[in-house]
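What's in entry_31.pdb: PDB, C-alpha atoms and all ligand atoms
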```
ATOM      1  CA  MET U   1      -0.248  36.662   7.474  1.00  0.00           C
ATOM      2  CA  ILE U   2      -0.211  32.941   6.561  1.00  0.00           C
ATOM      3  CA  LYS U   3       2.741  32.362   8.908  1.00  0.00           C
ATOM      4  CA  SER U   4       0.978  33.895  11.894  1.00  0.00           C
ATOM      5  CA  PHE U   5      -2.122  31.828  11.082  1.00  0.00           C
ATOM      6  CA  GLU U   6       0.030  28.674  11.176  1.00  0.00           C
ATOM      7  CA  LYS U   7       1.650  29.692  14.459  1.00  0.00           C
ATOM      8  CA  SER U   8      -1.781  29.841  16.034  1.00  0.00           C
ATOM      9  CA  LEU U   9      -2.526  26.209  15.052  1.00  0.00           C
ATOM     10  CA  ASP U  10      -1.772  23.283  17.313  1.00  0.00           C
ATOM     11  CA  PRO U  11       1.097  21.075  16.000  1.00  0.00           C
ATOM     12  CA  GLU U  12      -1.228  18.460  14.499  1.00  0.00           C
ATOM     13  CA  ALA U  13      -3.310  21.050  12.623  1.00  0.00           C
ATOM     14  CA  ALA U  14      -0.107  22.786  11.447  1.00  0.00           C
ATOM     15  CA  PHE U  15       1.303  19.428  10.298  1.00  0.00           C
ATOM     16  CA  LEU U  16      -1.879  18.644   8.352  1.00  0.00           C
ATOM     17  CA  SER U  17      -1.831  22.100   6.789  1.00  0.00           C
ATOM     18  CA  GLY U  18       1.826  21.495   5.791  1.00  0.00           C
ATOM     19  CA  LEU U  19       0.896  18.149   4.197  1.00  0.00           C
ATOM     20  CA  LEU U  20      -1.530  20.025   1.992  1.00  0.00           C
ATOM     21  CA  ASP U  21       1.261  22.405   0.937  1.00  0.00           C
ATOM     22  CA  LEU U  22       3.493  19.410   0.219  1.00  0.00           C
ATOM     23  CA  GLN U  23       0.790  17.961  -1.989  1.00  0.00           C
ATOM     24  CA  TYR U  24       0.892  21.182  -4.029  1.00  0.00           C
ATOM     25  CA  GLY U  25       4.657  20.938  -4.451  1.00  0.00           C
ATOM     26  CA  LEU U  26       5.730  23.555  -1.871  1.00  0.00           C
ATOM     27  CA  LYS U  27       9.067  22.990  -0.137  1.00  0.00           C
ATOM     28  CA  VAL U  28       7.847  22.331   3.377  1.00  0.00           C
ATOM     29  CA  THR U  29       9.654  19.128   4.405  1.00  0.00           C
ATOM     30  CA  ASP U  30      11.915  20.956   6.902  1.00  0.00           C
ATOM     31  CA  LYS U  31       8.941  22.604   8.546  1.00  0.00           C
ATOM     32  CA  LEU U  32       7.057  19.295   8.678  1.00  0.00           C
ATOM     33  CA  SER U  33      10.089  17.475  10.122  1.00  0.00           C
ATOM     34  CA  ARG U  34      10.211  20.060  12.924  1.00  0.00           C
ATOM     35  CA  LEU U  35       6.514  19.588  13.684  1.00  0.00           C
ATOM     36  CA  ALA U  36       6.494  15.767  13.401  1.00  0.00           C
ATOM     37  CA  PRO U  37       7.944  15.008  16.893  1.00  0.00           C
ATOM     38  CA  HIS U  38       4.949  16.867  18.380  1.00  0.00           C
ATOM     39  CA  VAL U  39       2.354  14.806  16.497  1.00  0.00           C
ATOM     40  CA  SER U  40       1.757  11.354  18.003  1.00  0.00           C
ATOM     41  CA  TRP U  41       1.212   9.541  14.672  1.00  0.00           C
ATOM     42  CA  ALA U  42       3.941  11.385  12.741  1.00  0.00           C
ATOM     43  CA  LYS U  43       6.969  10.903  14.997  1.00  0.00           C
ATOM     44  CA  GLY U  44      10.021  10.180  12.829  1.00  0.00           C
ATOM     45  CA  TRP U  45       8.375  11.462   9.616  1.00  0.00           C
ATOM     46  CA  PRO U  46       9.390  11.178   6.804  1.00  0.00           C
ATOM     47  CA  HIS U  47      12.049   8.496   7.479  1.00  0.00           C
ATOM     48  CA  ASN U  48       9.975   6.322   9.794  1.00  0.00           C
ATOM     49  CA  LEU U  49       7.881   3.972   7.645  1.00  0.00           C
ATOM     50  CA  GLN U  50       4.749   4.027   9.794  1.00  0.00           C
ATOM     51  CA  ALA U  51       4.835   7.822  10.194  1.00  0.00           C
ATOM     52  CA  PHE U  52       5.366   8.311   6.453  1.00  0.00           C
ATOM     53  CA  TRP U  53       2.339   6.187   5.499  1.00  0.00           C
ATOM     54  CA  ASN U  54       0.241   7.647   8.318  1.00  0.00           C
ATOM     55  CA  ALA U  55       0.761  11.072   6.755  1.00  0.00           C
ATOM     56  CA  GLU U  56      -0.047   9.752   3.260  1.00  0.00           C
ATOM     57  CA  ALA U  57      -3.341   8.398   4.608  1.00  0.00           C
ATOM     58  CA  PHE U  58      -4.865  11.881   4.889  1.00  0.00           C
ATOM     59  CA  MET U  59      -4.780  12.530   1.171  1.00  0.00           C
ATOM     60  CA  TRP U  60      -4.963   8.950  -0.002  1.00  0.00           C
ATOM     61  CA  SER U  61      -8.326   9.221  -1.737  1.00  0.00           C
ATOM     62  CA  ARG U  62      -6.749  11.763  -4.150  1.00  0.00           C
ATOM     63  CA  LYS U  63      -3.590   9.808  -4.897  1.00  0.00           C
ATOM     64  CA  ILE U  64      -4.891   7.006  -7.117  1.00  0.00           C
ATOM     65  CA  GLU U  65      -6.865   7.833 -10.269  1.00  0.00           C
ATOM     66  CA  LYS U  66     -10.540   6.859 -10.225  1.00  0.00           C
ATOM     67  CA  GLN U  67     -10.120   5.102 -13.565  1.00  0.00           C
ATOM     68  CA  HIS U  68      -7.523   2.816 -11.947  1.00  0.00           C
ATOM     69  CA  ARG U  69      -9.616   2.273  -8.831  1.00  0.00           C
ATOM     70  CA  ASP U  70     -12.602   1.220 -10.943  1.00  0.00           C
ATOM     71  CA  LEU U  71     -10.553  -1.079 -13.142  1.00  0.00           C
ATOM     72  CA  ILE U  72      -8.969  -2.850 -10.166  1.00  0.00           C
ATOM     73  CA  ALA U  73     -12.327  -3.191  -8.380  1.00  0.00           C
ATOM     74  CA  LYS U  74     -13.764  -4.810 -11.517  1.00  0.00           C
ATOM     75  CA  GLU U  75     -10.829  -7.248 -11.842  1.00  0.00           C
ATOM     76  CA  LEU U  76     -11.050  -8.233  -8.182  1.00  0.00           C
ATOM     77  CA  GLY U  77     -14.817  -8.713  -8.322  1.00  0.00           C
ATOM     78  CA  ILE U  78     -14.337 -12.470  -8.813  1.00  0.00           C
ATOM     79  CA  LEU U  79     -12.807 -12.713  -5.331  1.00  0.00           C
ATOM     80  CA  LYS U  80     -15.824 -11.273  -3.551  1.00  0.00           C
ATOM     81  CA  THR U  81     -17.333 -14.623  -2.565  1.00  0.00           C
ATOM     82  CA  GLY U  82     -14.501 -15.758  -0.246  1.00  0.00           C
ATOM     83  CA  LYS U  83     -12.536 -14.307   2.650  1.00  0.00           C
ATOM     84  CA  ASN U  84      -9.895 -11.938   1.252  1.00  0.00           C
ATOM     85  CA  LEU U  85      -6.740 -10.684   2.932  1.00  0.00           C
ATOM     86  CA  ASP U  86      -5.744  -7.258   1.590  1.00  0.00           C
ATOM     87  CA  LEU U  87      -2.014  -6.830   2.209  1.00  0.00           C
ATOM     88  CA  GLY U  88      -0.884  -3.205   2.449  1.00  0.00           C
ATOM     89  CA  CYS U  89      -4.551  -2.280   2.096  1.00  0.00           C
ATOM     90  CA  GLY U  90      -3.925   1.362   2.894  1.00  0.00           C
ATOM     91  CA  ALA U  91      -6.983   3.580   3.128  1.00  0.00           C
ATOM     92  CA  TYR U  92      -8.729   1.842   0.237  1.00  0.00           C
ATOM     93  CA  SER U  93      -9.657  -1.796  -0.359  1.00  0.00           C
ATOM     94  CA  TYR U  94     -11.378  -2.776  -3.580  1.00  0.00           C
ATOM     95  CA  ILE U  95     -13.444  -5.615  -2.122  1.00  0.00           C
ATOM     96  CA  PRO U  96     -14.544  -6.419   1.448  1.00  0.00           C
ATOM     97  CA  SER U  97     -11.416  -7.723   3.167  1.00  0.00           C
ATOM     98  CA  VAL U  98      -9.407  -8.322   6.261  1.00  0.00           C
ATOM     99  CA  GLY U  99      -7.038  -5.375   5.960  1.00  0.00           C
ATOM    100  CA  PHE U 100      -3.370  -5.581   6.923  1.00  0.00           C
ATOM    101  CA  ASP U 101      -1.151  -2.507   6.974  1.00  0.00           C
ATOM    102  CA  VAL U 102       1.742  -0.927   8.843  1.00  0.00           C
ATOM    103  CA  SER U 103      -0.173   2.355   9.139  1.00  0.00           C
ATOM    104  CA  PRO U 104      -2.972   2.686  11.719  1.00  0.00           C
ATOM    105  CA  LYS U 105      -4.089   5.950  10.069  1.00  0.00           C
ATOM    106  CA  MET U 106      -4.478   4.240   6.691  1.00  0.00           C
ATOM    107  CA  LEU U 107      -6.562   1.517   8.367  1.00  0.00           C
ATOM    108  CA  ASP U 108      -8.716   4.138  10.129  1.00  0.00           C
ATOM    109  CA  PHE U 109      -9.763   5.591   6.768  1.00  0.00           C
ATOM    110  CA  ASN U 110     -10.397   2.216   5.103  1.00  0.00           C
ATOM    111  CA  GLU U 111     -14.153   1.586   4.840  1.00  0.00           C
ATOM    112  CA  GLN U 112     -14.061  -1.735   2.969  1.00  0.00           C
ATOM    113  CA  CYS U 113     -12.204  -3.693   5.658  1.00  0.00           C
ATOM    114  CA  TYR U 114     -14.407  -5.481   8.189  1.00  0.00           C
ATOM    115  CA  ALA U 115     -11.325  -6.449  10.218  1.00  0.00           C
ATOM    116  CA  LYS U 116      -8.120  -4.441  10.487  1.00  0.00           C
ATOM    117  CA  VAL U 117      -4.698  -5.681  11.550  1.00  0.00           C
ATOM    118  CA  ILE U 118      -1.675  -3.438  12.046  1.00  0.00           C
ATOM    119  CA  GLY U 119       1.536  -5.201  11.103  1.00  0.00           C
ATOM    120  CA  ASP U 120       4.689  -5.364   9.020  1.00  0.00           C
ATOM    121  CA  LEU U 121       4.827  -7.217   5.700  1.00  0.00           C
ATOM    122  CA  GLU U 122       8.559  -7.697   6.202  1.00  0.00           C
ATOM    123  CA  LYS U 123       7.756 -10.164   9.012  1.00  0.00           C
ATOM    124  CA  LYS U 124       5.731 -13.381   9.365  1.00  0.00           C
ATOM    125  CA  LEU U 125       2.012 -12.804   8.931  1.00  0.00           C
ATOM    126  CA  PRO U 126      -0.131 -13.140  12.078  1.00  0.00           C
ATOM    127  CA  PHE U 127      -2.729 -15.412  10.428  1.00  0.00           C
ATOM    128  CA  LYS U 128      -3.536 -19.128  10.532  1.00  0.00           C
ATOM    129  CA  ASN U 129      -2.583 -21.614   7.806  1.00  0.00           C
ATOM    130  CA  GLN U 130      -5.055 -21.695   4.898  1.00  0.00           C
ATOM    131  CA  GLU U 131      -7.238 -19.012   6.499  1.00  0.00           C
ATOM    132  CA  PHE U 132      -8.022 -17.070   3.293  1.00  0.00           C
ATOM    133  CA  ALA U 133      -9.650 -17.899  -0.032  1.00  0.00           C
ATOM    134  CA  SER U 134      -7.674 -15.070  -1.617  1.00  0.00           C
ATOM    135  CA  ALA U 135      -5.076 -12.415  -0.931  1.00  0.00           C
ATOM    136  CA  THR U 136      -4.448  -9.109  -2.681  1.00  0.00           C
ATOM    137  CA  ALA U 137      -1.522  -6.672  -2.694  1.00  0.00           C
ATOM    138  CA  ILE U 138      -2.347  -3.551  -4.663  1.00  0.00           C
ATOM    139  CA  PHE U 139       0.543  -1.129  -5.348  1.00  0.00           C
ATOM    140  CA  VAL U 140       2.505  -2.780  -2.540  1.00  0.00           C
ATOM    141  CA  LEU U 141       5.148  -5.293  -3.711  1.00  0.00           C
ATOM    142  CA  ASN U 142       7.540  -2.531  -4.823  1.00  0.00           C
ATOM    143  CA  TYR U 143       7.736  -1.417  -1.172  1.00  0.00           C
ATOM    144  CA  ILE U 144       8.731  -4.852   0.149  1.00  0.00           C
ATOM    145  CA  LEU U 145      12.394  -5.717   0.614  1.00  0.00           C
ATOM    146  CA  ASN U 146      11.898  -9.161   2.135  1.00  0.00           C
ATOM    147  CA  TYR U 147       9.556 -10.581  -0.522  1.00  0.00           C
ATOM    148  CA  GLN U 148      11.417 -13.911  -0.116  1.00  0.00           C
ATOM    149  CA  LEU U 149       9.740 -14.156   3.297  1.00  0.00           C
ATOM    150  CA  LEU U 150       6.420 -12.617   2.300  1.00  0.00           C
ATOM    151  CA  LEU U 151       5.607 -14.859  -0.676  1.00  0.00           C
ATOM    152  CA  PRO U 152       5.847 -18.158   1.277  1.00  0.00           C
ATOM    153  CA  GLU U 153       3.799 -16.495   4.012  1.00  0.00           C
ATOM    154  CA  ILE U 154       1.080 -15.604   1.493  1.00  0.00           C
ATOM    155  CA  LYS U 155       1.069 -19.231   0.295  1.00  0.00           C
ATOM    156  CA  ARG U 156       0.812 -20.444   3.875  1.00  0.00           C
ATOM    157  CA  VAL U 157      -2.288 -18.373   4.696  1.00  0.00           C
ATOM    158  CA  LEU U 158      -4.018 -19.183   1.388  1.00  0.00           C
ATOM    159  CA  ALA U 159      -6.426 -22.097   0.980  1.00  0.00           C
ATOM    160  CA  PRO U 160      -5.089 -24.921  -1.272  1.00  0.00           C
ATOM    161  CA  LYS U 161      -6.802 -23.550  -4.381  1.00  0.00           C
ATOM    162  CA  GLY U 162      -6.530 -19.957  -3.248  1.00  0.00           C
ATOM    163  CA  ILE U 163      -5.505 -17.073  -5.444  1.00  0.00           C
ATOM    164  CA  PHE U 164      -3.167 -14.162  -4.829  1.00  0.00           C
ATOM    165  CA  VAL U 165      -3.622 -11.056  -6.977  1.00  0.00           C
ATOM    166  CA  ALA U 166      -0.880  -8.447  -7.050  1.00  0.00           C
ATOM    167  CA  VAL U 167      -1.235  -5.175  -8.950  1.00  0.00           C
ATOM    168  CA  LEU U 168       1.650  -2.886  -9.829  1.00  0.00           C
ATOM    169  CA  TYR U 169       1.735   0.390 -11.701  1.00  0.00           C
ATOM    170  CA  ASN U 170       3.714   0.071 -14.910  1.00  0.00           C
ATOM    171  CA  GLY U 171       4.527   3.781 -15.180  1.00  0.00           C
ATOM    172  CA  GLU U 172       6.438   6.414 -13.207  1.00  0.00           C
ATOM    173  CA  ILE U 173       5.272   6.569  -9.616  1.00  0.00           C
ATOM    174  CA  ASN U 174       5.522  10.023  -8.089  1.00  0.00           C
ATOM    175  CA  ASP U 175       8.840  11.128  -6.576  1.00  0.00           C
ATOM    176  CA  TRP U 176       7.439  11.479  -3.089  1.00  0.00           C
ATOM    177  CA  GLN U 177       6.260   7.895  -2.782  1.00  0.00           C
ATOM    178  CA  ARG U 178       9.231   6.578  -4.727  1.00  0.00           C
ATOM    179  CA  GLN U 179      11.437   7.433  -1.728  1.00  0.00           C
ATOM    180  CA  LYS U 180       9.936   4.389   0.037  1.00  0.00           C
ATOM    181  CA  GLU U 181      10.270   2.071  -2.972  1.00  0.00           C
ATOM    182  CA  VAL U 182      12.778  -0.723  -2.322  1.00  0.00           C
ATOM    183  CA  ASN U 183      12.581  -2.733  -5.540  1.00  0.00           C
ATOM    184  CA  THR U 184      11.775  -1.851  -9.142  1.00  0.00           C
ATOM    185  CA  PHE U 185      11.275  -5.290 -10.690  1.00  0.00           C
ATOM    186  CA  GLY U 186       9.336  -5.365 -13.947  1.00  0.00           C
ATOM    187  CA  LYS U 187       6.780  -7.776 -15.368  1.00  0.00           C
ATOM    188  CA  LYS U 188       9.207 -10.579 -16.317  1.00  0.00           C
ATOM    189  CA  GLU U 189      11.185 -10.430 -13.082  1.00  0.00           C
ATOM    190  CA  TRP U 190       8.070 -10.575 -10.893  1.00  0.00           C
ATOM    191  CA  LYS U 191       6.674 -13.452 -12.936  1.00  0.00           C
ATOM    192  CA  LYS U 192       9.894 -15.410 -12.403  1.00  0.00           C
ATOM    193  CA  ILE U 193       9.996 -14.624  -8.670  1.00  0.00           C
ATOM    194  CA  LEU U 194       6.337 -15.578  -8.173  1.00  0.00           C
ATOM    195  CA  GLU U 195       6.793 -18.829 -10.125  1.00  0.00           C
ATOM    196  CA  GLU U 196       9.909 -19.676  -8.115  1.00  0.00           C
ATOM    197  CA  HIS U 197       7.696 -19.458  -5.033  1.00  0.00           C
ATOM    198  CA  GLY U 198       5.294 -22.059  -6.390  1.00  0.00           C
ATOM    199  CA  PHE U 199       2.570 -19.883  -7.928  1.00  0.00           C
ATOM    200  CA  LYS U 200       1.150 -20.462 -11.388  1.00  0.00           C
ATOM    201  CA  VAL U 201       1.105 -16.930 -12.795  1.00  0.00           C
ATOM    202  CA  LYS U 202      -1.133 -15.260 -15.371  1.00  0.00           C
ATOM    203  CA  ILE U 203      -0.335 -11.629 -16.231  1.00  0.00           C
ATOM    204  CA  SER U 204      -2.547  -9.042 -17.851  1.00  0.00           C
ATOM    205  CA  GLU U 205      -1.946  -5.342 -18.500  1.00  0.00           C
ATOM    206  CA  LYS U 206      -4.603  -2.637 -18.669  1.00  0.00           C
ATOM    207  CA  ALA U 207      -4.207   1.164 -18.567  1.00  0.00           C
ATOM    208  CA  LYS U 208      -0.598   0.867 -17.281  1.00  0.00           C
ATOM    209  CA  LEU U 209      -1.684  -1.529 -14.546  1.00  0.00           C
ATOM    210  CA  LEU U 210      -0.009  -4.921 -14.302  1.00  0.00           C
ATOM    211  CA  PHE U 211      -2.216  -7.655 -12.872  1.00  0.00           C
ATOM    212  CA  PHE U 212      -0.527 -10.810 -11.592  1.00  0.00           C
ATOM    213  CA  HIS U 213      -3.056 -13.574 -10.979  1.00  0.00           C
ATOM    214  CA  CYS U 214      -1.134 -16.133  -8.918  1.00  0.00           C
ATOM    215  CA  PHE U 215      -2.652 -19.561  -8.342  1.00  0.00           C
ATOM    216  CA  ASN U 216      -1.612 -21.562  -5.322  1.00  0.00           C
ATOM    217  CA  CYS U 217      -0.862 -24.827  -7.073  1.00  0.00           C
ATOM    218  CA  SER U 218       1.663 -26.713  -4.938  1.00  0.00           C
TER     219      SER U 218
HETATM  220  C1  LIG V   1       0.907   2.695  -2.307  1.00  0.00           C
HETATM  221  S1  LIG V   1      -0.001   2.293  -0.865  1.00  0.00           S
HETATM  222  C2  LIG V   1      -1.286   1.229  -1.506  1.00  0.00           C
HETATM  223  C3  LIG V   1      -2.524   1.214  -0.651  1.00  0.00           C
HETATM  224  C4  LIG V   1      -3.708   0.430  -1.213  1.00  0.00           C
HETATM  225  N1  LIG V   1      -3.364  -0.950  -1.460  1.00  0.00           N
HETATM  226  C5  LIG V   1      -4.298   1.076  -2.438  1.00  0.00           C
HETATM  227  O1  LIG V   1      -4.340   0.450  -3.498  1.00  0.00           O
HETATM  228  O2  LIG V   1      -4.731   2.232  -2.344  1.00  0.00           O
HETATM  229  C6  LIG V   1       1.071   1.164  -0.065  1.00  0.00           C
HETATM  230  C7  LIG V   1       0.545   0.664   1.269  1.00  0.00           C
HETATM  231  O3  LIG V   1       1.431  -0.331   1.753  1.00  0.00           O
HETATM  232  C8  LIG V   1       1.624  -0.131   3.139  1.00  0.00           C
HETATM  233  N2  LIG V   1       2.953  -0.669   3.499  1.00  0.00           N
HETATM  234  C9  LIG V   1       4.156  -0.264   3.017  1.00  0.00           C
HETATM  235  N3  LIG V   1       5.136  -0.986   3.574  1.00  0.00           N
HETATM  236  C10 LIG V   1       4.538  -1.858   4.434  1.00  0.00           C
HETATM  237  C11 LIG V   1       5.023  -2.863   5.314  1.00  0.00           C
HETATM  238  N4  LIG V   1       6.331  -3.125   5.419  1.00  0.00           N
HETATM  239  N5  LIG V   1       4.129  -3.561   6.049  1.00  0.00           N
HETATM  240  C12 LIG V   1       2.778  -3.303   5.949  1.00  0.00           C
HETATM  241  N6  LIG V   1       2.274  -2.361   5.131  1.00  0.00           N
HETATM  242  C13 LIG V   1       3.142  -1.651   4.382  1.00  0.00           C
HETATM  243  C14 LIG V   1       1.521   1.373   3.339  1.00  0.00           C
HETATM  244  O4  LIG V   1       1.190   1.723   4.658  1.00  0.00           O
HETATM  245  C15 LIG V   1       0.440   1.748   2.329  1.00  0.00           C
HETATM  246  O5  LIG V   1      -0.822   1.733   2.921  1.00  0.00           O
END
```

Kindly present the structure from the file in structure tokens form.
Amino acid sequence: MIKSFEKSLDPEAAFLSGLLDLQYGLKVTDKLSRLAPHVSWAKGWPHNLQAFWNAEAFMWSRKIEKQHRDLIAKELGILKTGKNLDLGCGAYSYIPSVGFDVSPKMLDFNEQCYAKVIGDLEKKLPFKNQEFASATAIFVLNYILNYQLLLPEIKRVLAPKGIFVAVLYNGEINDWQRQKEVNTFGKKEWKKILEEHGFKVKISEKAKLLFFHCFNCS
């Protein structure tokens, strides 16, 4: 009965219905991989980075706990007065921002970004020198392989006394998203890396969230 209902759906509707099943732990990756080539924004799913995050965008509002959202929004409140660049903003920015993300679908759902730029954090950022008062990267740095390129780029686009705030989850991230994780550095390692790139770093930890406040001091 369910199968014949799915056969009657167009590929995009069937793909979305499959994503819901995936969310509930059903083994539907083979079915979704077969449908993906017929869905313009999902081609190459789940291996293709953009397609993977496009698919995540549809259920993104359910994937981060409200308690964490509220805590991060409160911490970032101090940045509200200047122009903020939200790197890997996904479908949710915590303060009004220029949003930058590899996934057009994530950007479509993001209501806090007044400007949206599709791009890859593994490459040079398409912004002017010293353009932003602050930059944020929330639950993003663990997905970046080429952080040795990204961190100098963040410094370049930040104003001289600008601040970069990175947030990472200090617990187990779910298996599905972990497949795209490319580094698993902890608190001490990130502090060292950020300091090596010329940031003065202050760390705080709340409800399993690690906050790195990085001051552009060179
Ligand atoms: C775990 S989500 C976090 C989204 C958002 N910051 C939040 O707190 O809800 C990671 C985001 O990083 C983006 N992302 C991952 N790799 C990227 C890359 N190489 N370039 C640009 N964005 C990337 C994904 O598309 C996704 O929106």

request  = Could you check how far atom CA of U:Tyr143 sits from atom O1 of ligand LIG 1 (chain V), in Å to one decimal?
outcome  =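 Separating atom CA of U:Tyr143 from atom O1 of ligand LIG 1 (chain V) is a distance of 12.4 Å.
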
message = Quick one: residues within 9 Å of U:Pro126, all atoms listed in the file, excluding same-chain residues fewer than 3 positions away - as JSON, numbers by chain?
response = {"U": [117, 119, 123]}

For the structure shown, which residues end up in the PyMOL selection byres (((chain U and resi 17-19) around 12) and not hetatm)? Put them as a compact mmCIF listing (two decimals) with C-alpha atoms, in the coordinates of the input, please?
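So the final result, stored in expr_8.txt, reads:
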```
# COMPACT_ATOMS: atom_id res chain seq x y z
CA ILE U 2 -0.21 32.94 6.56
CA LYS U 3 2.74 32.36 8.91
CA PHE U 5 -2.12 31.83 11.08
CA GLU U 6 0.03 28.67 11.18
CA LYS U 7 1.65 29.69 14.46
CA LEU U 9 -2.53 26.21 15.05
CA ASP U 10 -1.77 23.28 17.31
CA PRO U 11 1.10 21.08 16.00
CA GLU U 12 -1.23 18.46 14.50
CA ALA U 13 -3.31 21.05 12.62
CA ALA U 14 -0.11 22.79 11.45
CA PHE U 15 1.30 19.43 10.30
CA LEU U 16 -1.88 18.64 8.35
CA LEU U 20 -1.53 20.02 1.99
CA ASP U 21 1.26 22.40 0.94
CA LEU U 22 3.49 19.41 0.22
CA GLN U 23 0.79 17.96 -1.99
CA TYR U 24 0.89 21.18 -4.03
CA GLY U 25 4.66 20.94 -4.45
CA LEU U 26 5.73 23.56 -1.87
CA LYS U 27 9.07 22.99 -0.14
CA VAL U 28 7.85 22.33 3.38
CA THR U 29 9.65 19.13 4.40
CA ASP U 30 11.92 20.96 6.90
CA LYS U 31 8.94 22.60 8.55
CA LEU U 32 7.06 19.30 8.68
CA SER U 33 10.09 17.48 10.12
CA ARG U 34 10.21 20.06 12.92
CA LEU U 35 6.51 19.59 13.68
CA ALA U 36 6.49 15.77 13.40
CA ALA U 42 3.94 11.38 12.74
CA TRP U 45 8.38 11.46 9.62
CA PRO U 46 9.39 11.18 6.80
CA PHE U 52 5.37 8.31 6.45
CA ASN U 54 0.24 7.65 8.32
CA ALA U 55 0.76 11.07 6.76
CA GLU U 56 -0.05 9.75 3.26
CA ALA U 57 -3.34 8.40 4.61
CA PHE U 58 -4.86 11.88 4.89
CA MET U 59 -4.78 12.53 1.17
CA TRP U 60 -4.96 8.95 0.00
CA TRP U 176 7.44 11.48 -3.09
```

task = Kindly resolve the PyMOL selection byres (((chain U and resi 81) around 10) and not hetatm) on the present coordinates and return the residues as a VMD selection string.
result = chain U and resid 77 to 80 82 to 84 95 to 96 133 to 134

Can you write just those residues out, C-alpha atoms, as a compact mmCIF listing (two decimals), in the frame of the given file?
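As written to disk, out_39.txt reads:
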```txt
# COMPACT_ATOMS: atom_id res chain seq x y z
CA GLY U 77 -14.82 -8.71 -8.32
CA ILE U 78 -14.34 -12.47 -8.81
CA LEU U 79 -12.81 -12.71 -5.33
CA LYS U 80 -15.82 -11.27 -3.55
CA GLY U 82 -14.50 -15.76 -0.25
CA LYS U 83 -12.54 -14.31 2.65
CA ASN U 84 -9.90 -11.94 1.25
CA ILE U 95 -13.44 -5.62 -2.12
CA PRO U 96 -14.54 -6.42 1.45
CA ALA U 133 -9.65 -17.90 -0.03
CA SER U 134 -7.67 -15.07 -1.62
```

As lines of an AutoDock Vina configuration file, please: the centre and edge lengths in Å, to one decimal, of an axis-aligned box enclosing every listed atom of stretch 111-120 of chain U with 8 Å added on each side.
```
center_x = -4.9
center_y = -2.4
center_z = 7.5
size_x = 35.1
size_y = 24.0
size_z = 25.1
```

Result set, the PyMOL selection byres (((chain U and resi 165) around 8) and not hetatm) on current file, as a PyMOL selection string = chain U and resi 134-138+163-164+166-167+211-214

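With all atoms listed in the file taken into account, the protein and nucleic acid residues at most 9 Å from U:Asn183 (excluding it and anything under 6 positions from it in its own chain) are U:Leu141, U:Asn142, U:Tyr143, U:Ile144, U:Leu145.
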
Please write as a JSON list (two decimals) with C-alpha atoms, in the coordinates of the input the list of polymer residues whose atoms come within 10 Å of (-5.5, 4.0, 9.5), counting all atoms listed in the file and keeping to the coordinates of the file.
```
[["chain", "number", "residue", "atom", "x", "y", "z"],
["U", 53, "TRP", "CA", 2.34, 6.19, 5.50],
["U", 54, "ASN", "CA", 0.24, 7.65, 8.32],
["U", 55, "ALA", "CA", 0.76, 11.07, 6.76],
["U", 57, "ALA", "CA", -3.34, 8.40, 4.61],
["U", 58, "PHE", "CA", -4.86, 11.88, 4.89],
["U", 89, "CYS", "CA", -4.55, -2.28, 2.10],
["U", 90, "GLY", "CA", -3.92, 1.36, 2.89],
["U", 91, "ALA", "CA", -6.98, 3.58, 3.13],
["U", 101, "ASP", "CA", -1.15, -2.51, 6.97],
["U", 102, "VAL", "CA", 1.74, -0.93, 8.84],
["U", 103, "SER", "CA", -0.17, 2.36, 9.14],
["U", 104, "PRO", "CA", -2.97, 2.69, 11.72],
["U", 105, "LYS", "CA", -4.09, 5.95, 10.07],
["U", 106, "MET", "CA", -4.48, 4.24, 6.69],
["U", 107, "LEU", "CA", -6.56, 1.52, 8.37],
["U", 108, "ASP", "CA", -8.72, 4.14, 10.13],
["U", 109, "PHE", "CA", -9.76, 5.59, 6.77],
["U", 110, "ASN", "CA", -10.40, 2.22, 5.10],
["U", 116, "LYS", "CA", -8.12, -4.44, 10.49],
["U", 117, "VAL", "CA", -4.70, -5.68, 11.55],
["U", 118, "ILE", "CA", -1.68, -3.44, 12.05]]
```

message = At a cut-off of 8 Å, using all atoms listed in the file, what residues contact U:Ala115? Leave out same-chain residues fewer than 5 positions from it and give the result as a PyMOL selection string.
response = chain U and resi 97-99

remark   = If you count all atoms listed in the file, the residue of U:Arg178, U:Lys208, U:Lys202, U:Lys192 closest to ligand LIG 1 (chain V) turns out to be U:Arg178

key: Pick from U:Phe127, U:Lys155, U:Asn216, U:Lys188, whichever lies nearest to U:Lys200 using only C-alpha atoms   =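 Smallest separation from U:Lys200 among the options: U:Asn216.
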